[in-house]
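The block underneath contains the structure these notes are about, expressed in structure tokens.
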Amino acid sequence: MPIANPQEKFIHELCLTYDSEHQFLEALQQMNQQASDGELQGMIQAHIDDTQQQIQNLEQVFDQMGQQPQRQTSQAAQGLVADGQTSLQEAQSEAIADTLIAGAQAKVEHFEIACYQGLVTGAQQMGQQEVVNLLNENPQQEQNTAQMIEQSVPQLVQKAMQASS
Ligand SMILES: [Fe+2]
């Protein structure tokens, strides 16, 4: 679809983000079954709930913009998910798998933060305050998740080191 103005650019990026969230929701559900560490599982479960809410927020943004929710395949999200899954297939222990899951999840969250920052800026520029309010919650949750996951990484790596020694 041609992108001729900032509004169309915003919708284009909204469709990509909407697709990304669906892809990541599926990946989270899969990783939840592959994770062994209880704390990691808890974080993934909490973020599954966040992500469902985020998808609803995006649907409200579409509504606010007078559009039907529409997914446009995000190749970036596909790549992030594929990288995570390919690495996990190589994991030789549960503890190593947990470190790979945490690393993959952290990358996803930072990608999502960048997507939302772009959307929030676009909505601000268009003077769509209602959309800004709807969007603001999502990057906040991504930030919190990224922070929690990153804080858990040293401990997960420690466990993997102990398991392999
Ligand atoms: Fe997320």
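Residues are named by chain letter and number: chains run A, B, ... in the order of the structure tokens, numbers start at 1 in each chain, and ligands are numbered from 1 in the order shown.
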
Write out as an NGL selection string all residues of range 5-110 of chain A that DSSP puts in helix (DSSP H, G or I) for this structure's backbone.
:A and (6-34 or 38-64 or 75-90 or 94-110)

Skipping near chain neighbours, those fewer than 6 positions away, what residues fall within 12 Å of Val132 in chain A using only C-alpha atoms, listed as an MDAnalysis selection string?
chainID A and resid 57:58 60:61 64:65 116:126 138:139

Export of prior selection with N, CA and C atoms as a tab-separated table (two decimals), in the first residue's frame:
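After the write, selection-v4.tsv holds the following:
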chain	number	residue	atom	x	y	z
A	57	ASN	N	-5.50	-2.82	23.32
A	57	ASN	CA	-5.21	-1.39	23.23
A	57	ASN	C	-5.01	-0.98	21.77
A	58	LEU	N	-4.29	-1.83	21.02
A	58	LEU	CA	-4.05	-1.51	19.60
A	58	LEU	C	-5.36	-1.51	18.83
A	60	GLN	N	-8.18	-0.63	19.98
A	60	GLN	CA	-8.83	0.65	20.29
A	60	GLN	C	-8.18	1.80	19.52
A	61	VAL	N	-6.87	1.69	19.29
A	61	VAL	CA	-6.18	2.72	18.51
A	61	VAL	C	-6.70	2.70	17.07
A	64	GLN	N	-10.01	4.32	17.08
A	64	GLN	CA	-9.86	5.77	17.24
A	64	GLN	C	-9.45	6.43	15.91
A	65	MET	N	-8.69	5.69	15.11
A	65	MET	CA	-8.23	6.21	13.81
A	65	MET	C	-9.25	5.92	12.70
A	116	TYR	N	6.84	1.14	19.57
A	116	TYR	CA	5.87	2.00	20.26
A	116	TYR	C	6.34	3.45	20.35
A	117	GLN	N	7.64	3.64	20.50
A	117	GLN	CA	8.12	5.03	20.55
A	117	GLN	C	7.81	5.73	19.24
A	118	GLY	N	7.99	5.00	18.13
A	118	GLY	CA	7.66	5.57	16.82
A	118	GLY	C	6.18	5.89	16.70
A	119	LEU	N	5.34	4.98	17.18
A	119	LEU	CA	3.89	5.21	17.10
A	119	LEU	C	3.46	6.38	17.98
A	120	VAL	N	4.02	6.43	19.19
A	120	VAL	CA	3.63	7.52	20.12
A	120	VAL	C	4.04	8.87	19.52
A	121	THR	N	5.23	8.94	18.97
A	121	THR	CA	5.68	10.20	18.35
A	121	THR	C	4.76	10.58	17.20
A	122	GLY	N	4.41	9.60	16.38
A	122	GLY	CA	3.51	9.86	15.25
A	122	GLY	C	2.17	10.39	15.72
A	123	ALA	N	1.61	9.76	16.76
A	123	ALA	CA	0.30	10.18	17.27
A	123	ALA	C	0.39	11.57	17.88
A	124	GLN	N	1.50	11.85	18.56
A	124	GLN	CA	1.68	13.20	19.15
A	124	GLN	C	1.71	14.25	18.05
A	125	GLN	N	2.45	13.95	16.99
A	125	GLN	CA	2.59	14.91	15.88
A	125	GLN	C	1.25	15.18	15.20
A	126	MET	N	0.40	14.14	15.18
A	126	MET	CA	-0.91	14.31	14.54
A	126	MET	C	-1.93	14.94	15.50
A	138	ASN	N	1.50	0.47	26.57
A	138	ASN	CA	2.21	-0.67	25.98
A	138	ASN	C	3.73	-0.59	26.14
A	139	PRO	N	4.38	0.53	25.74
A	139	PRO	CA	5.84	0.56	25.92
A	139	PRO	C	6.24	0.51	27.39

Which residues are near ligand 1 in this structure, taking near to mean any atom at most 7 Å from a ligand atom and counting only C-alpha atoms and all ligand atoms? Format them as a list in words.
His47, Thr51, Val108, Glu109, Glu112 and Glu142 of chain A

Restricting it to C-alpha atoms, dump the selection as a compact mmCIF listing (two decimals), in the first residue's frame.
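See out_27.txt below for the written result:
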# COMPACT_ATOMS: atom_id res chain seq x y z
CA HIS A 47 3.76 -10.88 29.86
CA THR A 51 0.37 -8.80 25.52
CA VAL A 108 11.87 -8.70 21.52
CA GLU A 109 11.02 -6.19 24.24
CA GLU A 112 8.73 -3.46 20.71
CA GLU A 142 7.59 -3.65 27.53

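CA of Met43 in chain A is found 10.3 Å from CA of Gln105 in chain A.
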
Quick one: residues within 6 Å of range 76-93 of chain A, only C-alpha atoms counted, chain neighbours fewer than 4 positions away excluded, as a count of residues only?
3

Please provide as number ranges by chain all residues within 8 Å of range 53-56 of chain A, with the sequence filter that same-chain residues fewer than 3 positions apart are discarded (counting only C-alpha atoms).
A: 18, 21-22, 49-50, 59-60, 137-138

Store the residues of this selection in a file with C-alpha atoms, as a PDB file, in the first residue's frame.
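Generated file (result_30.pdb):
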ATOM      1  CA  TYR A  18      -0.417  -5.334  15.589  1.00  0.00           C
ATOM      2  CA  GLU A  21       2.169  -8.558  19.022  1.00  0.00           C
ATOM      3  CA  HIS A  22       0.208 -11.548  17.704  1.00  0.00           C
ATOM      4  CA  ASP A  49      -1.421 -11.305  30.014  1.00  0.00           C
ATOM      5  CA  ASP A  50       0.202  -7.921  29.200  1.00  0.00           C
ATOM      6  CA  GLU A  59      -7.564  -2.449  18.500  1.00  0.00           C
ATOM      7  CA  GLN A  60      -8.827   0.652  20.287  1.00  0.00           C
ATOM      8  CA  GLU A 137       0.648   1.764  28.439  1.00  0.00           C
ATOM      9  CA  ASN A 138       2.215  -0.670  25.976  1.00  0.00           C
TER      10      ASN A 138
END

If we count only C-alpha atoms, what is near Leu28 in chain A at a cut-off of 9 Å, once residues fewer than 2 positions away on the same chain are taken out, given as a ChimeraX atom specification?
/A:23-26,30-33,44-45,47-48,105
